[in-house]
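Asks: Pasting data-v9.cif below, which is mmCIF, C-alpha atoms.
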```cif
data_upload
loop_
_atom_site.label_atom_id
_atom_site.label_comp_id
_atom_site.auth_asym_id
_atom_site.auth_seq_id
_atom_site.Cartn_x
_atom_site.Cartn_y
_atom_site.Cartn_z
CA MET A 1 -12.03 19.42 -52.10
CA ALA A 2 -13.44 17.28 -49.29
CA ARG A 3 -13.14 18.69 -45.79
CA ARG A 4 -10.90 16.65 -43.46
CA ASP A 5 -11.25 15.94 -39.75
CA ARG A 6 -8.39 16.21 -37.27
CA THR A 7 -7.21 12.68 -38.09
CA GLY A 8 -7.16 13.37 -41.83
CA GLY A 9 -10.40 11.52 -42.55
CA ASP A 10 -13.06 12.66 -45.01
CA VAL A 11 -15.96 14.30 -43.15
CA THR A 12 -18.22 14.74 -46.18
CA GLY A 13 -19.41 11.12 -45.89
CA PRO A 14 -20.61 9.14 -42.86
CA GLN A 15 -18.29 8.71 -39.90
CA ILE A 16 -18.90 4.95 -39.84
CA ARG A 17 -20.07 2.83 -42.78
CA ILE A 18 -20.98 -0.83 -42.33
CA ASP A 19 -21.65 -2.80 -45.52
CA GLY A 20 -22.87 -6.40 -45.66
CA VAL A 21 -21.16 -7.40 -42.41
CA ARG A 22 -21.32 -11.09 -41.52
CA ARG A 23 -19.87 -13.04 -38.62
CA GLN A 24 -20.60 -16.56 -37.45
CA PHE A 25 -19.32 -18.82 -34.69
CA VAL A 26 -19.24 -22.58 -34.29
CA ARG A 27 -20.24 -23.80 -30.85
CA ARG A 28 -18.72 -26.75 -29.04
CA ASP A 29 -21.70 -28.86 -30.12
CA LYS A 30 -20.76 -28.01 -33.76
CA THR A 31 -23.85 -25.87 -34.33
CA THR A 32 -23.35 -22.57 -36.12
CA VAL A 33 -24.42 -19.23 -34.68
CA ARG A 34 -24.94 -16.29 -37.03
CA ALA A 35 -23.88 -13.46 -34.76
CA LEU A 36 -24.06 -10.88 -37.57
CA ASP A 37 -26.19 -11.55 -40.63
CA ASP A 38 -25.65 -9.16 -43.56
CA ILE A 39 -25.77 -5.87 -41.62
CA SER A 40 -25.52 -2.54 -43.43
CA PHE A 41 -25.98 1.01 -42.13
CA SER A 42 -24.09 4.26 -41.63
CA VAL A 43 -23.45 6.54 -38.65
CA GLU A 44 -23.13 10.25 -39.33
CA HIS A 45 -20.67 12.69 -37.74
CA GLY A 46 -21.65 13.64 -34.20
CA GLU A 47 -24.45 11.09 -34.05
CA PHE A 48 -25.22 9.03 -30.94
CA LEU A 49 -26.31 5.63 -32.24
CA VAL A 50 -27.54 3.08 -29.71
CA LEU A 51 -27.46 -0.63 -30.57
CA LEU A 52 -30.41 -2.05 -28.63
CA GLY A 53 -31.54 -5.62 -28.13
CA PRO A 54 -31.62 -8.58 -25.76
CA SER A 55 -28.63 -10.70 -24.85
CA GLY A 56 -27.74 -12.77 -27.89
CA CYS A 57 -28.89 -10.34 -30.60
CA GLY A 58 -25.35 -9.54 -31.86
CA LYS A 59 -25.04 -5.94 -30.68
CA SER A 60 -21.79 -6.42 -28.72
CA THR A 61 -20.32 -8.53 -31.50
CA LEU A 62 -21.05 -5.73 -33.97
CA LEU A 63 -19.43 -3.16 -31.68
CA ARG A 64 -16.33 -5.35 -31.34
CA THR A 65 -16.01 -5.65 -35.13
CA ILE A 66 -15.96 -1.84 -35.36
CA ALA A 67 -13.27 -1.74 -32.67
CA GLY A 68 -11.24 -4.54 -34.26
CA LEU A 69 -11.78 -7.01 -31.42
CA GLU A 70 -13.65 -9.43 -33.68
CA GLN A 71 -12.88 -10.53 -37.21
CA LEU A 72 -15.39 -10.47 -40.05
CA ASP A 73 -16.32 -13.34 -42.31
CA ALA A 74 -17.62 -10.98 -45.00
CA GLY A 75 -18.47 -7.36 -45.59
CA SER A 76 -16.56 -4.19 -44.79
CA ILE A 77 -16.34 -1.40 -42.23
CA SER A 78 -15.05 2.10 -43.00
CA LEU A 79 -14.20 4.73 -40.39
CA GLN A 80 -13.89 8.38 -41.37
CA GLY A 81 -13.83 7.49 -45.05
CA ARG A 82 -11.15 4.76 -44.76
CA ALA A 83 -11.72 1.00 -44.93
CA VAL A 84 -10.49 -0.58 -41.69
CA VAL A 85 -11.68 -4.11 -42.38
CA ASP A 86 -12.60 -5.83 -45.63
CA PRO A 87 -11.75 -9.56 -45.83
CA ALA A 88 -12.30 -9.62 -49.60
CA ARG A 89 -9.49 -7.06 -50.07
CA GLY A 90 -7.27 -8.35 -47.26
CA ILE A 91 -7.75 -5.22 -45.14
CA ASP A 92 -7.73 -5.52 -41.35
CA ILE A 93 -6.36 -2.43 -39.58
CA PRO A 94 -5.31 -3.15 -35.95
CA THR A 95 -7.39 -1.65 -33.18
CA GLU A 96 -4.69 0.76 -32.06
CA ARG A 97 -4.56 2.28 -35.57
CA ARG A 98 -8.30 2.82 -35.94
CA ARG A 99 -8.16 6.06 -33.93
CA LEU A 100 -11.15 5.31 -31.73
CA SER A 101 -11.75 4.90 -28.02
CA MET A 102 -13.87 2.39 -26.13
CA MET A 103 -15.52 2.19 -22.72
CA PHE A 104 -16.10 -1.37 -21.55
CA GLN A 105 -18.69 -3.03 -19.37
CA SER A 106 -15.91 -3.95 -16.95
CA TYR A 107 -13.91 -1.01 -15.68
CA ALA A 108 -10.66 -2.51 -17.12
CA LEU A 109 -8.56 -0.26 -14.87
CA TRP A 110 -5.00 -1.13 -13.93
CA PRO A 111 -5.08 -1.66 -10.12
CA HIS A 112 -1.41 -0.69 -9.63
CA LEU A 113 -1.80 2.65 -11.42
CA THR A 114 -3.38 5.80 -10.01
CA VAL A 115 -6.49 7.30 -11.53
CA SER A 116 -4.47 9.87 -13.47
CA GLN A 117 -2.05 7.18 -14.68
CA ASN A 118 -4.95 5.00 -15.86
CA VAL A 119 -6.45 7.91 -17.76
CA ALA A 120 -3.06 8.87 -19.22
CA TYR A 121 -2.31 5.36 -20.51
CA PRO A 122 -3.75 5.71 -24.04
CA LEU A 123 -1.92 9.01 -24.52
CA LYS A 124 1.40 7.45 -23.49
CA ALA A 125 0.76 4.57 -25.87
CA ARG A 126 0.37 7.10 -28.70
CA GLY A 127 3.54 8.96 -27.83
CA VAL A 128 1.93 12.20 -26.66
CA LYS A 129 4.39 14.54 -24.90
CA ARG A 130 4.43 14.55 -21.10
CA GLY A 131 3.25 18.14 -20.66
CA GLU A 132 0.33 17.62 -23.03
CA ILE A 133 -0.60 14.40 -21.23
CA SER A 134 -0.69 16.16 -17.86
CA ARG A 135 -2.85 18.98 -19.19
CA ARG A 136 -5.31 16.71 -20.98
CA VAL A 137 -5.65 14.32 -18.04
CA SER A 138 -6.40 17.23 -15.70
CA ASP A 139 -8.93 18.64 -18.15
CA VAL A 140 -10.80 15.37 -18.65
CA LEU A 141 -10.88 14.50 -14.93
CA ALA A 142 -12.45 17.91 -14.31
CA MET A 143 -14.84 17.31 -17.19
CA VAL A 144 -16.18 14.07 -15.64
CA GLY A 145 -16.23 15.60 -12.15
CA ILE A 146 -13.47 13.68 -10.33
CA PRO A 147 -10.35 15.91 -10.27
CA GLU A 148 -9.85 15.14 -6.56
CA LEU A 149 -9.35 11.42 -7.31
CA ALA A 150 -6.26 11.87 -9.50
CA SER A 151 -3.84 10.34 -6.97
CA GLN A 152 -6.14 7.53 -5.81
CA HIS A 153 -5.89 3.91 -6.93
CA PRO A 154 -8.87 1.95 -8.33
CA GLY A 155 -9.17 -0.07 -5.12
CA GLN A 156 -9.75 3.14 -3.16
CA ILE A 157 -12.74 4.46 -5.11
CA SER A 158 -16.39 3.44 -5.57
CA GLY A 159 -17.87 1.65 -8.55
CA GLY A 160 -19.49 4.82 -9.82
CA GLN A 161 -16.21 6.70 -9.53
CA ALA A 162 -14.43 3.87 -11.36
CA GLN A 163 -16.92 4.23 -14.20
CA ARG A 164 -16.11 7.94 -14.39
CA VAL A 165 -12.41 7.05 -14.60
CA ALA A 166 -13.16 4.65 -17.45
CA LEU A 167 -15.20 7.36 -19.15
CA ALA A 168 -12.35 9.86 -18.74
CA ARG A 169 -9.92 7.39 -20.29
CA ALA A 170 -12.25 6.87 -23.25
CA LEU A 171 -12.46 10.63 -23.85
CA VAL A 172 -8.91 11.75 -23.13
CA SER A 173 -7.60 10.84 -26.59
CA ARG A 174 -10.20 13.13 -28.18
CA ASP A 175 -10.95 10.56 -30.85
CA GLU A 176 -13.73 11.26 -33.33
CA ILE A 177 -15.38 7.91 -32.49
CA VAL A 178 -16.15 6.56 -29.01
CA LEU A 179 -17.63 3.09 -28.51
CA PHE A 180 -19.55 2.08 -25.38
CA ASP A 181 -20.18 -1.59 -24.50
CA GLU A 182 -22.93 -1.59 -21.82
CA PRO A 183 -20.81 0.77 -19.70
CA LEU A 184 -23.40 1.32 -16.94
CA SER A 185 -24.58 -2.22 -16.29
CA ASN A 186 -22.37 -2.69 -13.21
CA VAL A 187 -23.55 0.32 -11.19
CA ASP A 188 -26.71 0.87 -9.16
CA ALA A 189 -29.78 2.64 -10.51
CA LYS A 190 -29.08 6.09 -9.05
CA VAL A 191 -25.44 6.14 -10.22
CA ARG A 192 -26.52 4.80 -13.61
CA GLU A 193 -28.99 7.66 -14.03
CA THR A 194 -26.33 10.22 -13.11
CA LEU A 195 -23.67 8.76 -15.41
CA ARG A 196 -26.16 8.44 -18.25
CA ALA A 197 -26.86 12.16 -18.02
CA GLU A 198 -23.13 12.83 -17.84
CA ILE A 199 -22.41 10.84 -21.00
CA GLY A 200 -25.17 12.71 -22.82
CA ARG A 201 -23.81 16.07 -21.66
CA LEU A 202 -20.25 15.22 -22.67
CA HIS A 203 -21.40 14.02 -26.08
CA LYS A 204 -23.16 17.31 -26.74
CA ALA A 205 -20.19 19.31 -25.47
CA SER A 206 -17.49 17.37 -27.34
CA GLY A 207 -19.35 16.35 -30.49
CA PHE A 208 -17.79 12.90 -30.83
CA THR A 209 -19.58 10.16 -32.75
CA ALA A 210 -20.89 7.49 -30.36
CA VAL A 211 -21.97 3.89 -30.83
CA TYR A 212 -23.48 2.61 -27.60
CA VAL A 213 -24.56 -0.95 -26.75
CA THR A 214 -27.33 -1.58 -24.23
CA HIS A 215 -30.30 -3.84 -23.54
CA ASP A 216 -32.00 -1.06 -21.53
CA GLN A 217 -34.66 0.73 -23.60
CA GLU A 218 -34.84 3.67 -21.16
CA GLU A 219 -31.10 4.18 -21.58
CA ALA A 220 -31.51 4.05 -25.35
CA LEU A 221 -34.39 6.54 -25.38
CA THR A 222 -32.47 8.93 -23.13
CA LEU A 223 -29.16 8.97 -25.02
CA ALA A 224 -29.77 8.19 -28.67
CA THR A 225 -30.17 10.43 -31.65
CA ARG A 226 -30.97 7.15 -33.46
CA ILE A 227 -31.62 3.63 -32.19
CA CYS A 228 -30.78 0.42 -34.04
CA VAL A 229 -32.85 -2.50 -32.72
CA MET A 230 -31.24 -5.89 -33.37
CA ARG A 231 -32.48 -9.45 -33.29
CA GLN A 232 -30.68 -12.71 -34.02
CA GLY A 233 -27.77 -10.92 -35.67
CA ALA A 234 -29.89 -8.72 -37.93
CA VAL A 235 -31.10 -5.13 -37.86
CA GLN A 236 -34.86 -4.89 -37.31
CA GLN A 237 -35.33 -1.12 -37.43
CA ILE A 238 -33.22 2.05 -37.28
CA GLY A 239 -34.74 5.41 -36.47
CA THR A 240 -35.12 8.19 -33.96
CA PRO A 241 -36.30 7.28 -30.46
CA GLU A 242 -39.68 8.81 -31.30
CA ASP A 243 -39.99 6.76 -34.51
CA LEU A 244 -39.23 3.46 -32.83
CA TYR A 245 -41.41 4.11 -29.81
CA ASP A 246 -44.45 5.51 -31.64
CA ARG A 247 -44.10 3.82 -35.04
CA PRO A 248 -42.30 0.48 -34.62
CA ASN A 249 -42.26 -1.61 -37.78
CA SER A 250 -42.87 -4.93 -36.02
CA ARG A 251 -44.24 -6.52 -32.87
CA TYR A 252 -40.68 -7.37 -31.84
CA VAL A 253 -39.56 -3.73 -31.93
CA ALA A 254 -42.75 -2.56 -30.23
CA THR A 255 -42.39 -4.90 -27.28
CA PHE A 256 -38.68 -4.20 -26.84
CA MET A 257 -39.15 -0.45 -26.74
CA GLY A 258 -41.30 -0.45 -23.59
CA SER A 259 -44.55 -1.51 -21.94
CA ILE A 260 -47.17 -2.45 -24.48
CA ASN A 261 -50.74 -3.68 -24.76
CA GLU A 262 -51.30 -6.45 -27.29
CA MET A 263 -54.41 -8.05 -28.69
CA PRO A 264 -55.05 -10.36 -31.63
CA ALA A 265 -56.92 -9.01 -34.62
CA THR A 266 -58.09 -9.96 -38.09
CA PHE A 267 -58.13 -7.73 -41.18
CA ASP A 268 -60.61 -8.47 -43.97
CA GLY A 269 -59.56 -5.67 -46.30
CA THR A 270 -61.99 -3.00 -45.07
CA VAL A 271 -60.53 0.52 -45.09
CA VAL A 272 -62.36 3.64 -43.88
CA ASP A 273 -60.88 7.15 -44.00
CA GLY A 274 -57.46 5.68 -44.73
CA ARG A 275 -57.45 3.35 -41.71
CA ALA A 276 -57.73 -0.42 -41.65
CA ILE A 277 -60.82 -1.71 -39.83
CA VAL A 278 -59.94 -4.84 -37.87
CA ASP A 279 -61.83 -7.30 -35.69
CA THR A 280 -60.48 -7.38 -32.10
CA PRO A 281 -61.66 -8.64 -28.69
CA LEU A 282 -62.88 -5.04 -28.15
CA GLY A 283 -64.93 -4.97 -31.37
CA ARG A 284 -64.20 -3.57 -34.83
CA LEU A 285 -61.64 -0.80 -34.51
CA PRO A 286 -59.78 1.54 -36.92
CA VAL A 287 -56.01 1.09 -36.61
CA ASP A 288 -52.78 2.20 -38.22
CA TYR A 289 -51.95 -0.88 -40.32
CA PRO A 290 -49.87 0.12 -43.38
CA ALA A 291 -49.19 -3.47 -44.52
CA ARG A 292 -52.88 -3.96 -45.43
CA GLN A 293 -52.39 -7.72 -45.65
CA ASN A 294 -55.59 -9.69 -45.09
CA GLY A 295 -55.40 -12.13 -42.22
CA GLU A 296 -54.17 -12.30 -38.64
CA LEU A 297 -52.21 -9.50 -37.00
CA VAL A 298 -51.46 -8.00 -33.59
CA VAL A 299 -52.74 -4.61 -32.47
CA PHE A 300 -50.74 -2.86 -29.80
CA SER A 301 -50.86 0.40 -27.87
CA ARG A 302 -48.74 2.17 -25.27
CA PRO A 303 -50.23 2.42 -21.75
CA GLU A 304 -49.93 6.21 -21.75
CA ALA A 305 -51.80 6.48 -25.06
CA TRP A 306 -55.07 5.77 -23.25
CA ASP A 307 -57.13 8.35 -21.39
CA ALA A 308 -59.10 7.18 -18.35
CA ARG A 309 -62.01 9.00 -16.76
CA PRO A 310 -64.86 8.06 -14.40
CA ALA A 311 -67.95 6.67 -16.11
CA GLY A 312 -70.49 9.38 -16.84
CA SER A 313 -67.99 12.24 -16.91
CA ALA A 314 -67.34 14.41 -19.95
CA GLY A 315 -64.65 13.14 -22.33
CA ALA A 316 -62.01 14.72 -24.53
CA GLY A 317 -63.29 13.12 -27.72
CA ARG A 318 -60.28 10.89 -28.46
CA GLY A 319 -62.05 9.07 -31.31
CA ILE A 320 -62.45 5.64 -29.69
CA GLU A 321 -64.18 5.29 -26.33
CA LEU A 322 -64.73 2.03 -24.47
CA PRO A 323 -66.35 1.29 -21.09
CA GLY A 324 -64.28 -0.70 -18.61
CA ARG A 325 -63.77 -1.59 -14.96
CA VAL A 326 -60.51 -1.14 -13.05
CA ASN A 327 -59.18 -4.44 -11.75
CA SER A 328 -56.14 -2.95 -9.97
CA ALA A 329 -54.44 0.39 -9.45
CA THR A 330 -50.71 0.53 -8.67
CA PHE A 331 -49.19 3.78 -7.43
CA LEU A 332 -45.72 4.30 -8.97
CA GLY A 333 -44.84 7.79 -7.83
CA SER A 334 -45.36 10.15 -10.76
CA PHE A 335 -48.08 7.98 -12.31
CA VAL A 336 -50.58 5.19 -11.58
CA ASP A 337 -50.82 1.94 -13.53
CA LEU A 338 -54.40 0.78 -14.00
CA ARG A 339 -55.31 -2.69 -15.20
CA VAL A 340 -58.68 -2.30 -16.84
CA PHE A 341 -61.02 -5.01 -18.09
CA VAL A 342 -62.79 -4.11 -21.32
CA SER A 343 -65.05 -6.81 -22.80
CA GLY A 344 -63.03 -9.44 -20.95
CA HIS A 345 -59.70 -8.12 -22.28
CA GLU A 346 -57.18 -6.48 -19.93
CA ILE A 347 -55.60 -3.15 -20.87
CA LEU A 348 -52.72 -1.49 -19.03
CA VAL A 349 -53.35 2.24 -18.70
CA ARG A 350 -50.79 4.72 -17.34
CA THR A 351 -52.33 7.85 -15.86
CA MET A 352 -51.52 10.70 -13.49
CA ASP A 353 -55.06 10.65 -12.08
CA ARG A 354 -54.81 9.24 -8.53
CA THR A 355 -58.56 9.43 -7.91
CA ILE A 356 -59.30 6.31 -9.97
CA GLY A 357 -59.07 3.07 -8.00
CA ALA A 358 -59.77 -0.65 -8.15
CA GLY A 359 -63.42 -1.49 -8.79
CA ASP A 360 -64.23 1.84 -10.48
CA ASP A 361 -66.27 1.91 -13.66
CA ILE A 362 -64.46 4.13 -16.16
CA VAL A 363 -64.33 5.10 -19.82
CA LEU A 364 -61.15 4.64 -21.82
CA GLY A 365 -60.36 6.85 -24.79
CA ILE A 366 -57.69 6.56 -27.45
CA SER A 367 -56.94 8.14 -30.82
CA PRO A 368 -57.00 5.62 -33.72
CA ASP A 369 -53.47 6.61 -34.74
CA ARG A 370 -52.21 5.25 -31.40
CA LEU A 371 -53.52 1.76 -32.20
CA ILE A 372 -50.77 0.13 -34.24
CA GLY A 373 -51.40 -3.03 -36.27
CA ARG A 374 -48.46 -5.24 -37.24
CA VAL A 375 -47.90 -8.79 -38.43
CA ASP A 376 -47.00 -11.08 -35.52
CA ASP A 377 -43.25 -11.85 -35.68
CA GLY A 378 -42.69 -13.06 -32.11
CA ALA A 379 -39.96 -15.69 -31.70
CA PRO A 380 -37.20 -16.46 -29.20
CA VAL A 381 -33.67 -15.13 -29.86
CA ALA A 382 -30.43 -17.09 -29.91
CA GLU A 383 -27.68 -16.87 -27.35
CA GLU A 384 -24.83 -14.54 -28.29
CA PRO A 385 -21.25 -15.86 -28.45
CA VAL A 386 -19.00 -14.14 -25.92
CA ALA A 387 -15.51 -12.89 -26.77
CA ASP A 388 -12.41 -14.07 -24.94
CA THR A 389 -12.15 -11.94 -21.79
CA ALA A 390 -8.37 -11.81 -21.96
CA SER A 391 -8.43 -10.28 -25.43
CA VAL A 392 -11.05 -7.75 -24.39
CA MET A 393 -8.98 -6.69 -21.39
CA ALA A 394 -5.80 -6.46 -23.43
CA VAL A 395 -7.33 -4.23 -26.07
CA GLY A 396 -9.20 -2.26 -23.42
CA SER A 397 -5.89 -1.20 -21.92
CA ARG A 398 -4.97 0.47 -25.22
CA SER A 399 -8.29 2.22 -25.86
#
```
As C-alpha cells, how would this structure be written, given the file I've shared?

Replies:
Amino acid sequence: MARRDRTGGDVTGPQIRIDGVRRQFVRRDKTTVRALDDISFSVEHGEFLVLLGPSGCGKSTLLRTIAGLEQLDAGSISLQGRAVVDPARGIDIPTERRRLSMMFQSYALWPHLTVSQNVAYPLKARGVKRGEISRRVSDVLAMVGIPELASQHPGQISGGQAQRVALARALVSRDEIVLFDEPLSNVDAKVRETLRAEIGRLHKASGFTAVYVTHDQEEALTLATRICVMRQGAVQQIGTPEDLYDRPNSRYVATFMGSINEMPATFDGTVVDGRAIVDTPLGRLPVDYPARQNGELVVFSRPEAWDARPAGSAGAGRGIELPGRVNSATFLGSFVDLRVFVSGHEILVRTMDRTIGAGDDIVLGISPDRLIGRVDDGAPVAEEPVADTASVMAVGSRS
C-alpha cells in the first residue's frame, strides 16, 4: 500500500508533477505571447526547486499555475498524487483546496491586523481551533525570529521584518508545498542575504517541498537542490546547481548562471584523447564539446577556472598555459578580478592573489575540462505577461 502524507496524498510519487503545460496570452496589439510552452517536469518530496530566468521567461506564470492563480490552456498539474488542474478532463481545483502556501513578492499583509493576526489568517480560514492557532502562531514567529513583533502592525515594522512576517504566514499552515514568488526582491542586500539563509534553514528543518522563483543566480545557487532555467516559456535545463554552473547545456544557461568568458570557435571534426580540438582566437585548444557538430560554436569558461601566476614562475601544470598581460586589476574584497589580454583576446580571471597588478606579464593556466564548447543559441527573450494585481492580492490573503 502506498504511504500517505499528512494531507492524505501519495508520497511514493513526486510531490509535484507538471505534464505538457501550456499557457498563452493575447496582448492589446493582438499578438500572442507563449508564456508556457509544453513544460514537463517533476518535483520530489522535500526538494527545493528554483525557477530561474530573466523577466519574461515564464517562471512566475508557471508558479501561478501551480498555485491556481493562472489557468492552463493545455496540460496538467498534480500535487501529492492528485490532479489539481487538467483542462482536458475539466479539473480545476481552487487555490484554497490545493493545500499549499505561497510567499509573494509584495508583502501582502493586512495593515489593520497585527503581526500575529496576519500570520493566523490562513489558519482561521481553514477552521483551525483558537488554541491551536495561538500555539502555532507563537511557534512560527519564534521560528523566524520575530516573537517580539506579535502585537505590532505592519506599518510599525521594517521591510525585512515584514518579509519575515510573510514567511511566517507561508509556513504556519504546515503545508507540504510552499511556493515563493521572488520573495526577497524588495529588501536591501544585507537583509536579503540574511533572509535567504533563514529560508534555507527553515526548509532543512521543516522538510517542505519548495518551488522558488528568482532572476538572481546567486540566490538560486545558494538555495536550490535543483535549478530549472527557463527561457521564452520553455525549460532550458534542469539540474543541480553544480551541474548547471559547471556543465551548462547551452550558451544561454552558461551566461545566466554567472560571469563567463566567451570566444568564437570552429570545429573541424578533430578529436584527441576524447576532446574536440577547436580553432579559437587563442589557437587550437582541446575543449569539452559533446555535440561534436562541425562548424561554428562558442567556447566559454568561468573566471575562477583560470590560474594566474607571474611570468617565469613555476606552474601547477593545468594542461593549457597561455602568456598574457594584465590590462586591469579590480579589488573586490575576497578576490581580485583581472582582465588579461591573450593574443588580443580579453579574459576575465578571478583570483585571490593580490600581488598581480595592471601591466604585469603573467601566465594563465586552465584544465581542458573547464573549457566548455556549445552551439551559439543567443537570442533576446520576450516580455512576460503580468497577472492582475488584485487577484494576486486576494489569493495571497488566503495562502

Asks: Apply the PyMOL selection byres ((chain A and resi 339) around 9) to the file shown and report the selected residues as a PDB file with C-alpha atoms, in the frame of the given file.

Replies:
```pdb
ATOM      1  CA  ARG A 325     -63.770  -1.590 -14.960  1.00  0.00           C
ATOM      2  CA  VAL A 326     -60.510  -1.140 -13.050  1.00  0.00           C
ATOM      3  CA  ASN A 327     -59.180  -4.440 -11.750  1.00  0.00           C
ATOM      4  CA  SER A 328     -56.140  -2.950  -9.970  1.00  0.00           C
ATOM      5  CA  ALA A 329     -54.440   0.390  -9.450  1.00  0.00           C
ATOM      6  CA  THR A 330     -50.710   0.530  -8.670  1.00  0.00           C
ATOM      7  CA  ASP A 337     -50.820   1.940 -13.530  1.00  0.00           C
ATOM      8  CA  LEU A 338     -54.400   0.780 -14.000  1.00  0.00           C
ATOM      9  CA  VAL A 340     -58.680  -2.300 -16.840  1.00  0.00           C
ATOM     10  CA  PHE A 341     -61.020  -5.010 -18.090  1.00  0.00           C
ATOM     11  CA  GLU A 346     -57.180  -6.480 -19.930  1.00  0.00           C
ATOM     12  CA  ILE A 347     -55.600  -3.150 -20.870  1.00  0.00           C
ATOM     13  CA  LEU A 348     -52.720  -1.490 -19.030  1.00  0.00           C
ATOM     14  CA  VAL A 349     -53.350   2.240 -18.700  1.00  0.00           C
ATOM     15  CA  ARG A 350     -50.790   4.720 -17.340  1.00  0.00           C
ATOM     16  CA  ALA A 358     -59.770  -0.650  -8.150  1.00  0.00           C
TER      17      ALA A 358
END
```

Asks: Pro264 (chain A): which residues within 7 Å, counting all atoms listed in the file, same-chain residues fewer than 5 positions away excluded, as a ChimeraX atom specification?

Replies: /A:280,297-299

Asks: When you draw a straight line from CA of Glu296 (chain A) to CA of Thr266 (chain A), how long is it in Å?

Replies: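 Distance between the two atoms: 4.6 Å.
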
Asks: Rank nothing, just name the residue among A:Gly159, A:Cys228, A:Arg99, A:Gln105 nearest to Ser173 (chain A), using all atoms listed in the file.

Replies: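 Answer, going by the shortest atom-to-atom distance: A:Arg99.
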
Asks: Of the residues A:Ala189, A:Asp273, A:Val363, A:Ile260, which is the one nearest to Asp307 (chain A), using only C-alpha atoms?

Replies: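 Once distances to Asp307 (chain A) are computed over only C-alpha atoms, the minimum belongs to A:Val363.
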
Asks: Would you kindly translate the PyMOL selection byres ((chain A and resi 74-76) around 7) into the concrete residues it picks from this file, as an MDAnalysis selection string?

Replies: chainID A and resid 18:22 72:73 77:78 85:87

Asks: Using all atoms listed in the file, give me every residue within 10 Å of (-12.5, 19.4, -19.5) in file coordinates, as a ChimeraX atom specification.

Replies: /A:135-145,168,171-172,202,205-206

Asks: Run through the PyMOL selection byres ((chain A and resi 162) around 12) on the given coordinates and return the selected residues as JSON, numbers by chain.

Replies: {"A": [103, 104, 105, 106, 107, 108, 109, 110, 111, 114, 115, 116, 118, 119, 141, 144, 145, 146, 149, 150, 152, 153, 154, 155, 156, 157, 158, 159, 160, 161, 163, 164, 165, 166, 167, 168, 169, 183, 184, 186, 187, 191, 195]}

Asks: Have a look at A:Val375, A:Ala170, A:Ile356, A:Ala83 and name the one nearest to Ala120 (chain A); count all atoms listed in the file.

Replies: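 Using all atoms listed in the file, the shortest distance to Ala120 (chain A) belongs to A:Ala170.
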
Asks: Rounded to one decimal, what separation in Å do you get between CA of Gln237 (chain A) and CA of Leu49 (chain A)?

Replies: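 Atom-to-atom, CA of Gln237 (chain A) and CA of Leu49 (chain A) are spaced 12.4 Å apart.
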
Asks: Please determine, counting all atoms listed in the file, which residue among A:Phe267, A:Phe300, A:Tyr212, A:Tyr289 has the shortest atom-to-atom distance to Tyr252 (chain A).

Replies: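 Checking each candidate against Tyr252 (chain A), we get A:Phe300 as the closest.
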